[in-house]
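Dropping start02.tsv in here (TSV, C-alpha atoms):
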chain	number	residue	atom	x	y	z
A	8	MET	CA	20.13	66.26	54.50
A	9	PRO	CA	23.61	66.33	52.91
A	10	ARG	CA	26.57	65.31	55.05
A	11	THR	CA	29.07	67.85	56.27
A	12	LYS	CA	32.73	67.49	55.28
A	13	GLU	CA	33.58	66.05	58.71
A	14	GLU	CA	30.82	63.48	58.45
A	15	THR	CA	31.83	62.57	54.90
A	16	LEU	CA	35.45	62.16	56.00
A	17	ALA	CA	34.47	59.85	58.86
A	18	TRP	CA	32.29	57.82	56.50
A	19	LEU	CA	35.15	57.47	53.99
A	20	ARG	CA	37.52	56.22	56.67
A	21	LYS	CA	34.91	53.69	57.74
A	22	ILE	CA	34.43	52.23	54.23
A	23	SER	CA	38.08	52.43	53.11
A	24	GLY	CA	38.50	48.68	53.59
A	25	GLU	CA	35.41	47.96	51.51
A	26	LEU	CA	36.67	50.28	48.78
A	27	SER	CA	40.02	48.46	48.63
A	28	THR	CA	38.35	45.05	48.40
A	29	ALA	CA	35.92	46.24	45.72
A	30	THR	CA	38.79	47.82	43.77
A	31	LEU	CA	40.81	44.58	43.67
A	32	ARG	CA	37.71	42.65	42.58
A	33	ARG	CA	37.02	45.19	39.82
A	34	LEU	CA	40.63	45.05	38.65
A	35	GLU	CA	40.42	41.27	38.20
A	36	GLU	CA	37.11	41.56	36.35
A	37	THR	CA	37.94	44.41	33.97
A	38	LEU	CA	41.72	44.32	33.36
A	39	PRO	CA	42.98	41.09	31.77
A	40	TRP	CA	46.63	42.08	32.20
A	41	PHE	CA	46.15	42.33	35.97
A	42	SER	CA	45.01	38.71	36.28
A	43	GLU	CA	47.91	37.51	34.11
A	44	MET	CA	50.59	39.14	36.27
A	45	PRO	CA	52.69	37.09	38.71
A	46	PRO	CA	51.37	37.12	42.29
A	47	GLY	CA	54.12	39.42	43.56
A	48	ARG	CA	53.52	42.10	40.97
A	49	ARG	CA	49.74	41.75	41.27
A	50	SER	CA	50.13	42.38	44.99
A	51	ALA	CA	52.23	45.47	44.27
A	52	VAL	CA	49.55	46.82	41.93
A	53	GLY	CA	46.97	46.18	44.65
A	54	LEU	CA	49.10	48.16	47.09
A	55	VAL	CA	49.14	51.07	44.65
A	56	ALA	CA	45.34	50.96	44.38
A	57	GLN	CA	44.92	50.83	48.17
A	58	ALA	CA	47.45	53.63	48.63
A	59	GLY	CA	45.48	55.71	46.14
A	60	ILE	CA	42.31	55.34	48.21
A	61	THR	CA	44.11	56.16	51.47
A	62	SER	CA	45.85	59.12	49.88
A	63	PHE	CA	42.53	60.42	48.56
A	64	ILE	CA	40.99	60.31	52.03
A	65	ASP	CA	43.97	62.18	53.51
A	66	TRP	CA	43.88	64.67	50.67
A	67	PHE	CA	40.13	65.16	51.14
A	68	GLU	CA	40.77	66.08	54.76
A	69	ASP	CA	43.38	68.72	53.83
A	70	PRO	CA	44.05	69.29	50.09
A	71	THR	CA	47.10	71.48	50.91
A	72	ALA	CA	48.81	68.95	53.16
A	73	THR	CA	49.98	66.63	50.34
A	74	PRO	CA	50.90	68.67	47.28
A	75	TRP	CA	52.85	65.78	45.73
A	76	VAL	CA	50.38	62.92	45.68
A	77	ALA	CA	52.64	60.70	43.60
A	78	SER	CA	54.95	60.11	46.56
A	79	ASP	CA	52.00	58.83	48.61
A	80	VAL	CA	50.58	56.54	45.95
A	81	PHE	CA	53.63	55.15	44.17
A	82	GLY	CA	55.84	55.09	47.25
A	83	ALA	CA	54.07	51.93	48.39
A	84	ALA	CA	55.10	50.01	45.25
A	85	PRO	CA	58.54	48.59	44.54
A	86	ARG	CA	60.64	50.37	41.91
A	87	GLU	CA	60.38	47.35	39.61
A	88	LEU	CA	56.67	48.07	39.19
A	89	LEU	CA	57.45	50.91	36.78
A	90	ARG	CA	59.07	48.34	34.52
A	91	SER	CA	56.18	45.91	34.95
A	92	ILE	CA	53.24	48.05	33.88
A	93	SER	CA	53.06	50.79	31.28
A	94	LEU	CA	51.72	54.31	31.67
A	95	GLN	CA	48.59	53.24	29.77
A	96	GLN	CA	48.00	50.40	32.24
A	97	THR	CA	48.56	52.78	35.16
A	98	LEU	CA	45.90	55.13	33.81
A	99	GLN	CA	43.54	52.16	33.45
A	100	LEU	CA	44.24	51.33	37.09
A	101	ILE	CA	43.40	54.88	38.14
A	102	ARG	CA	40.20	54.80	36.12
A	103	VAL	CA	39.08	51.63	37.90
A	104	VAL	CA	39.86	53.07	41.35
A	105	VAL	CA	38.01	56.30	40.60
A	106	SER	CA	35.07	54.35	39.19
A	107	VAL	CA	34.78	52.23	42.34
A	108	VAL	CA	34.98	55.25	44.61
A	109	GLU	CA	32.38	57.11	42.53
A	110	ASP	CA	29.98	54.13	42.59
A	111	ARG	CA	30.35	53.72	46.35
A	112	ALA	CA	30.20	57.43	47.11
A	113	LYS	CA	27.09	58.35	45.11
A	114	ASP	CA	25.43	59.63	48.23
A	115	GLY	CA	28.41	61.60	49.41
A	116	GLY	CA	27.15	64.89	48.13
A	117	GLU	CA	28.48	67.44	45.66
A	118	ILE	CA	31.54	68.19	47.77
A	119	LEU	CA	32.74	64.58	47.53
A	120	ARG	CA	32.03	64.32	43.81
A	121	ASP	CA	34.03	67.49	43.10
A	122	ALA	CA	36.86	66.20	45.29
A	123	ILE	CA	36.96	62.89	43.39
A	124	LEU	CA	37.17	64.69	40.03
A	125	LEU	CA	39.91	67.02	41.21
A	126	TYR	CA	41.94	64.27	42.87
A	127	SER	CA	41.65	61.95	39.85
A	128	ARG	CA	43.05	64.73	37.69
A	129	GLU	CA	45.93	65.33	40.08
A	130	ILE	CA	46.81	61.64	40.37
A	131	ALA	CA	46.70	61.22	36.56
A	132	PHE	CA	49.15	64.08	36.09
A	133	ALA	CA	51.28	62.74	38.94
A	134	SER	CA	51.42	59.31	37.28
A	135	ALA	CA	52.55	60.83	33.99
A	136	ASP	CA	55.21	62.78	35.87
A	137	VAL	CA	56.51	59.62	37.58
A	138	TYR	CA	56.87	57.82	34.27
A	139	ALA	CA	58.43	60.87	32.62
A	140	ARG	CA	61.04	61.09	35.37
A	141	ALA	CA	61.75	57.38	35.10
A	142	ALA	CA	62.12	57.66	31.31
A	143	GLU	CA	64.45	60.64	31.70
A	144	ALA	CA	66.62	58.81	34.21
A	145	ARG	CA	66.66	55.73	31.99
A	146	GLY	CA	67.61	57.89	29.01
A	147	LEU	CA	70.53	59.44	30.88
A	148	TRP	CA	71.69	56.01	31.99
A	149	ASP	CA	71.41	54.65	28.45
A	150	ALA	CA	73.43	57.61	27.14
A	151	ARG	CA	76.21	56.96	29.65
A	152	LEU	CA	76.15	53.24	28.90
A	153	GLU	CA	76.24	53.89	25.15
A	154	ALA	CA	79.22	56.23	25.57
A	155	LEU	CA	80.99	53.51	27.59
A	156	VAL	CA	80.32	50.88	24.92
A	157	VAL	CA	81.54	53.12	22.08
A	158	ASP	CA	84.66	53.99	24.07
A	159	SER	CA	85.33	50.27	24.60
A	160	ILE	CA	84.97	49.69	20.86
A	161	LEU	CA	87.39	52.51	20.03
A	162	THR	CA	90.02	51.38	22.51
A	163	GLY	CA	89.54	47.66	21.86
A	164	GLU	CA	89.41	47.01	25.61
A	165	TYR	CA	86.69	44.37	25.80
A	166	ASP	CA	85.47	42.42	28.80
A	167	ASP	CA	82.90	39.71	29.36
A	168	GLU	CA	80.20	42.29	30.13
A	169	LEU	CA	80.35	44.05	26.75
A	170	PRO	CA	77.76	41.82	25.01
A	171	SER	CA	75.30	42.30	27.87
A	172	ARG	CA	75.85	46.07	27.81
A	173	ILE	CA	75.20	46.17	24.09
A	174	ALA	CA	72.06	44.08	24.53
A	175	ALA	CA	70.87	46.44	27.28
A	176	LEU	CA	71.02	49.29	24.77
A	177	GLY	CA	68.55	47.47	22.53
A	178	TRP	CA	71.07	46.64	19.80
A	179	HIS	CA	69.26	44.75	17.04
A	180	GLY	CA	72.16	44.47	14.60
A	181	HIS	CA	73.04	41.09	13.17
A	182	GLY	CA	76.01	40.16	11.06
A	183	GLU	CA	78.49	42.71	9.72
A	184	VAL	CA	79.32	45.97	11.47
A	185	SER	CA	81.16	49.07	10.32
A	186	VAL	CA	82.33	52.21	12.14
A	187	LEU	CA	81.85	55.72	10.77
A	188	VAL	CA	84.04	58.56	12.06
A	189	GLY	CA	83.60	62.25	11.35
A	190	THR	CA	83.47	65.68	12.93
A	191	ALA	CA	80.80	66.31	15.55
A	192	PRO	CA	78.37	69.12	14.64
A	193	ARG	CA	77.70	72.04	16.97
A	194	MET	CA	74.16	70.80	17.58
A	195	LEU	CA	74.05	67.01	17.56
A	196	ASP	CA	70.63	65.53	16.81
A	197	VAL	CA	70.95	61.94	18.03
A	198	ASP	CA	67.29	61.18	17.35
A	199	GLN	CA	67.65	62.18	13.70
A	200	ILE	CA	70.62	59.84	13.31
A	201	ARG	CA	68.60	56.98	14.76
A	202	ARG	CA	65.59	57.75	12.55
A	203	THR	CA	67.77	57.79	9.45
A	204	ALA	CA	69.41	54.51	10.48
A	205	ARG	CA	66.04	52.83	11.05
A	206	HIS	CA	64.92	54.01	7.61
A	207	MET	CA	68.03	52.32	6.16
A	208	ARG	CA	67.26	49.10	8.10
A	209	ALA	CA	70.31	49.63	10.31
A	210	ASP	CA	71.04	50.00	13.99
A	211	VAL	CA	73.54	52.45	15.46
A	212	LEU	CA	75.56	53.20	18.57
A	213	ILE	CA	76.56	56.86	18.87
A	214	GLY	CA	79.45	58.38	20.77
A	215	VAL	CA	81.18	61.75	20.86
A	216	GLN	CA	84.94	61.67	21.43
A	217	GLY	CA	86.06	65.26	21.76
A	218	SER	CA	85.47	66.87	18.38
A	219	ARG	CA	84.82	63.52	16.70
A	220	LEU	CA	81.46	61.86	16.20
A	221	VAL	CA	81.63	58.06	16.08
A	222	VAL	CA	78.73	55.96	14.81
A	223	VAL	CA	78.86	52.17	14.99
A	224	ILE	CA	76.59	50.83	12.24
A	225	GLY	CA	75.05	47.38	12.17
A	226	ARG	CA	72.45	45.98	9.85
A	227	ALA	CA	69.18	45.57	11.74
A	228	GLY	CA	68.48	42.17	10.20
A	229	ALA	CA	70.60	39.49	8.67
A	230	PRO	CA	69.83	38.84	5.00
A	231	GLN	CA	67.50	35.88	4.61
A	232	PRO	CA	67.98	33.37	1.80
A	233	ALA	CA	65.32	33.34	-0.84
A	234	GLU	CA	62.62	30.77	-0.22
A	235	PRO	CA	61.29	28.54	-2.98
A	236	ALA	CA	58.19	29.58	-4.89
A	237	GLY	CA	54.89	29.11	-3.11
A	238	ALA	CA	52.02	26.90	-4.11
A	239	GLU	CA	50.73	29.56	-6.50
A	240	GLY	CA	54.09	29.97	-8.16
A	241	GLU	CA	54.93	33.28	-6.47
A	242	ALA	CA	58.61	33.50	-5.64
A	243	SER	CA	59.55	35.07	-2.32
A	244	VAL	CA	61.39	38.38	-2.34
A	245	GLN	CA	64.89	38.32	-0.90
A	246	VAL	CA	65.84	41.40	1.11
A	247	THR	CA	69.22	42.67	-0.08
A	248	PRO	CA	71.30	44.20	2.72
A	249	ILE	CA	72.07	47.88	2.21
A	250	ASP	CA	75.71	48.70	1.56
A	251	PHE	CA	77.49	50.40	4.45
A	252	LEU	CA	78.68	53.22	2.21
A	253	GLU	CA	75.07	53.92	1.25
A	254	ILE	CA	74.11	54.05	4.92
A	255	ALA	CA	77.06	56.36	5.62
A	256	THR	CA	75.96	58.64	2.78
A	257	ALA	CA	72.47	58.88	4.31
A	258	LEU	CA	73.98	59.74	7.71
A	259	GLU	CA	76.42	62.29	6.26
A	260	PRO	CA	74.22	65.41	6.82
A	261	ASN	CA	74.23	64.71	10.57
A	262	PHE	CA	78.00	65.22	10.81
A	263	GLY	CA	79.91	68.46	10.98
A	264	SER	CA	82.09	69.81	8.18
A	265	GLY	CA	85.28	67.93	7.48
A	266	TYR	CA	86.25	64.42	6.54
A	267	LEU	CA	84.01	61.39	7.01
A	268	VAL	CA	85.68	57.98	7.03
A	269	LEU	CA	83.99	54.57	7.01
A	270	GLY	CA	85.89	51.60	8.40
A	271	HIS	CA	85.84	48.22	6.71
A	272	ALA	CA	83.07	45.75	7.52
A	273	VAL	CA	83.74	43.23	10.29
A	274	PRO	CA	81.76	40.06	11.10
A	275	SER	CA	80.13	41.20	14.36
A	276	ILE	CA	79.88	43.94	16.95
A	277	VAL	CA	82.59	42.35	19.11
A	278	ASP	CA	85.04	42.85	16.20
A	279	ALA	CA	84.07	46.49	15.70
A	280	SER	CA	87.34	47.75	17.20
A	281	LYS	CA	89.16	46.67	14.01
A	282	SER	CA	86.85	48.77	11.86
A	283	ALA	CA	87.08	51.65	14.34
A	284	LYS	CA	90.89	51.54	14.27
A	285	ALA	CA	90.89	51.74	10.47
A	286	ALA	CA	88.34	54.56	10.44
A	287	LEU	CA	90.25	56.60	13.04
A	288	ALA	CA	93.53	56.10	11.19
A	289	GLY	CA	91.88	57.17	7.92
A	290	PHE	CA	90.28	60.19	9.57
A	291	ALA	CA	93.69	61.32	10.81
A	292	VAL	CA	95.29	61.27	7.34
A	293	ALA	CA	92.35	62.09	5.05
A	294	LYS	CA	93.69	65.62	4.58
A	295	ALA	CA	96.60	64.14	2.60
A	296	TRP	CA	94.22	63.20	-0.24
A	297	ARG	CA	93.44	66.41	-2.08
A	298	ASN	CA	90.19	65.14	-3.63
A	299	CYS	CA	89.09	62.95	-0.75
A	300	PRO	CA	85.36	62.15	-1.13
A	301	ARG	CA	82.85	62.38	1.72
A	302	PRO	CA	82.27	59.75	2.95
A	303	VAL	CA	85.33	57.70	2.03
A	304	HIS	CA	86.26	54.11	2.72
A	305	ALA	CA	89.18	53.74	5.10
A	306	ASP	CA	90.68	51.22	2.66
A	307	ASP	CA	90.81	53.94	0.00
A	308	LEU	CA	93.26	55.73	2.31
A	309	LEU	CA	95.61	52.78	2.68
A	310	PRO	CA	98.69	54.60	1.25
A	311	GLU	CA	98.28	57.63	3.52
A	312	ARG	CA	97.64	55.41	6.53
A	313	ALA	CA	100.71	53.29	5.75
A	314	PHE	CA	102.90	56.38	5.35
A	315	ALA	CA	101.66	57.56	8.76
A	316	GLY	CA	102.78	54.30	10.35
A	317	ASP	CA	99.47	52.44	10.53
A	318	SER	CA	100.49	48.80	10.90
A	319	LEU	CA	96.99	47.61	9.96
A	320	ALA	CA	97.18	49.49	6.64
A	321	ARG	CA	100.64	48.09	5.90
A	322	ALA	CA	99.45	44.56	6.63
A	323	THR	CA	96.34	45.10	4.48
A	324	LEU	CA	98.40	46.34	1.51
A	325	VAL	CA	100.76	43.39	1.73
A	326	GLY	CA	98.07	40.82	2.43
A	327	ARG	CA	95.58	41.95	-0.22
A	328	ILE	CA	97.90	43.05	-3.03
A	329	TYR	CA	101.56	42.03	-2.78
A	330	GLN	CA	101.23	38.49	-1.45
A	331	PRO	CA	98.32	37.44	-3.73
A	332	LEU	CA	100.22	38.63	-6.83
A	333	LYS	CA	103.45	37.01	-5.69
A	334	ALA	CA	101.65	33.73	-5.00
A	335	HIS	CA	99.66	33.82	-8.24
A	336	SER	CA	102.35	34.74	-10.75
A	337	PRO	CA	105.75	36.47	-10.43
A	338	GLU	CA	105.23	37.50	-14.05
A	339	LEU	CA	102.19	39.61	-13.14
A	340	LEU	CA	104.05	41.13	-10.20
A	341	ASN	CA	107.01	42.01	-12.42
A	342	THR	CA	104.75	43.52	-15.09
A	343	LEU	CA	102.97	45.68	-12.52
A	344	TRP	CA	106.32	46.88	-11.15
A	345	CYS	CA	107.51	47.89	-14.61
A	346	TYR	CA	104.20	49.52	-15.57
A	347	LEU	CA	104.14	51.72	-12.46
A	348	ASP	CA	107.86	52.57	-12.68
A	349	ASN	CA	107.38	53.67	-16.29
A	350	GLY	CA	104.65	56.17	-15.46
A	351	ARG	CA	101.81	53.81	-16.50
A	352	SER	CA	102.99	53.76	-20.10
A	353	LEU	CA	102.10	50.61	-22.03
A	354	GLU	CA	104.76	51.18	-24.71
A	355	ALA	CA	107.60	51.85	-22.28
A	356	THR	CA	106.63	48.80	-20.21
A	357	ALA	CA	106.47	46.64	-23.35
A	358	ARG	CA	109.95	47.78	-24.43
A	359	GLU	CA	111.45	47.00	-21.03
A	360	LEU	CA	109.86	43.55	-20.92
A	361	PHE	CA	110.43	42.83	-24.64
A	362	VAL	CA	106.74	42.03	-25.19
A	363	HIS	CA	103.90	43.52	-27.23
A	364	PRO	CA	101.82	46.34	-25.61
A	365	ASN	CA	98.74	44.12	-25.90
A	366	THR	CA	100.51	41.56	-23.74
A	367	VAL	CA	101.09	44.23	-21.10
A	368	ARG	CA	97.42	45.23	-21.35
A	369	TYR	CA	96.34	41.61	-20.92
A	370	ARG	CA	98.59	41.10	-17.89
A	371	LEU	CA	97.26	44.26	-16.23
A	372	LYS	CA	93.74	42.94	-16.71
A	373	ARG	CA	94.87	39.72	-15.02
A	374	VAL	CA	96.24	41.79	-12.15
A	375	THR	CA	92.83	43.42	-11.75
A	376	ASP	CA	91.15	40.01	-11.77
A	377	VAL	CA	93.46	38.73	-9.03
A	378	ILE	CA	93.46	41.65	-6.57
A	379	GLY	CA	90.49	43.81	-7.63
A	380	TRP	CA	92.44	47.04	-8.21
A	381	ASP	CA	92.94	48.61	-11.64
A	382	ALA	CA	96.49	49.86	-12.16
A	383	THR	CA	95.44	52.16	-15.02
A	384	GLY	CA	93.69	54.54	-12.59
A	385	ALA	CA	95.82	57.25	-10.94
A	386	ARG	CA	94.50	56.72	-7.40
A	387	GLU	CA	94.58	52.93	-7.56
A	388	ALA	CA	98.06	53.06	-9.06
A	389	LEU	CA	99.21	54.89	-5.93
A	390	ILE	CA	97.66	52.18	-3.77
A	391	LEU	CA	99.29	49.41	-5.79
A	392	GLN	CA	102.71	51.04	-5.85
A	393	SER	CA	102.57	51.58	-2.10
A	394	ALA	CA	101.74	47.90	-1.67
A	395	LEU	CA	104.67	46.83	-3.83
A	396	VAL	CA	107.11	49.04	-1.94
A	397	ILE	CA	105.91	47.91	1.48
A	398	GLY	CA	105.76	44.29	0.35
A	399	ALA	CA	109.33	44.42	-0.93
A	400	ILE	CA	110.51	45.98	2.34
A	401	ALA	CA	108.73	43.23	4.26
A	402	GLU	CA	110.64	40.50	2.40
A	403	PRO	CA	113.07	38.70	4.72
A	404	ASP	CA	116.14	39.65	2.66
A	405	GLY	CA	114.72	42.90	1.24
A	406	ALA	CA	115.05	41.54	-2.28
A	407	GLY	CA	111.42	41.10	-3.16
A	408	ARG	CA	111.51	43.15	-6.30
A	409	ARG	CA	114.88	41.82	-7.47
A	410	ARG	CA	113.59	38.27	-7.02
A	411	ALA	CA	110.46	39.10	-9.02
A	412	LEU	CA	112.55	40.64	-11.81
A	413	ARG	CA	114.64	37.50	-12.11

Show how you would write the structure in this file as structure tokens.
Amino acid sequence: MPRTKEETLAWLRKISGELSTATLRRLEETLPWFSEMPPGRRSAVGLVAQAGITSFIDWFEDPTATPWVASDVFGAAPRELLRSISLQQTLQLIRVVVSVVEDRAKDGGEILRDAILLYSREIAFASADVYARAAEARGLWDARLEALVVDSILTGEYDDELPSRIAALGWHGHGEVSVLVGTAPRMLDVDQIRRTARHMRADVLIGVQGSRLVVVIGRAGAPQPAEPAGAEGEASVQVTPIDFLEIATALEPNFGSGYLVLGHAVPSIVDASKSAKAALAGFAVAKAWRNCPRPVHADDLLPERAFAGDSLARATLVGRIYQPLKAHSPELLNTLWCYLDNGRSLEATARELFVHPNTVRYRLKRVTDVIGWDATGAREALILQSALVIGAIAEPDGAGRRRALR
């Protein structure tokens, strides 16, 4: 004769201890990850299993009394347990508990079997909900932490906790870092930016500063030196790091309309404020370049940045153009001055210097070899002339050009 619900409930309460013991034994036998856990966490998992059995018995008595079963089951475990076992492992745990209860309750009648099926469904959905809520909370915390890190990079206000904060965000970048600044779109798709960056073997930190979108770019892996050929004569393939401008070009569709400026590369993430400062300064003055490309290197905007009072741009122009030419050869510096003052005319420069035009052409090629800029191009000529003017002003006695002419 089948048991009534009251009799079944009394029987379940009587064997609850046996069910808990059998569940723990089954967990050790069937789930390798359970046996490998530290004793403290294994005990917490056992508490969850026991709480599940107790909660089922209470729920079987009155299914409407506990609509949120997750609070009964997972409330017995410490919060760290969610970080110890995955959702997949939790579902395996539930499967073992249900299996033990089903095996022990074969003679409980159809009412008990239906209750077990219904409760197992509810607890599975409740488990997924717990993990979803934890992931959502973790995502919101990560977003706030990421915004804090990006703000620290932009302001240059570092503290000892910055490296740990960056590590907590899962930053995998190694080596050089560059900062990309543009206009934030109306609908920002952060996931798309991250997918594009991963495809380009890069890692990113994303922050929105008002109407600006700031992306800190780091290469996901440092370039490895090529290894010698193997035993079969097959040479290893060296992975060439992707240029930051190429990465910026791939990320460009994720920005809003307007200018997009890429700061210069810096050695590491802790130096990213220097790249960010250059990118922000370039973004502020990019409108002064009529044919400004998108994206554009911040160093291509050195004249505009210097005119706007950017001390970093002024120092870069002097340090990378004026001083190297002055130290290498006053003759090259003088020739460049004359060439730019004469409207980039070889003949007029040759007449002023009393040399052949081919000599002027040769010296200009030497200038390009020394500093990397070609004075025969209109845009680069502007950069070079700005450097000469600022370099001459920076001379202690203000006579830089007069000294070079002598």

* **One-decimal distance in Å that lies between atom CA of A:Ser159 and atom CA of A:Asp317** =>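 Rounded to one decimal, the two atoms are 20.1 Å apart.
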
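Considering all atoms listed in the file, the residue among A:Ala305, A:Ile378, A:Leu26, A:Ile101 positioned nearest to A:Ala272 is A:Ala305.
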
* Could you state the separation of atom CA of A:Ala209 and atom CA of A:Ile224 in Å, given to one decimal place? ->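 Answer for the atom CA of A:Ala209 to atom CA of A:Ile224 separation: 6.7 Å.
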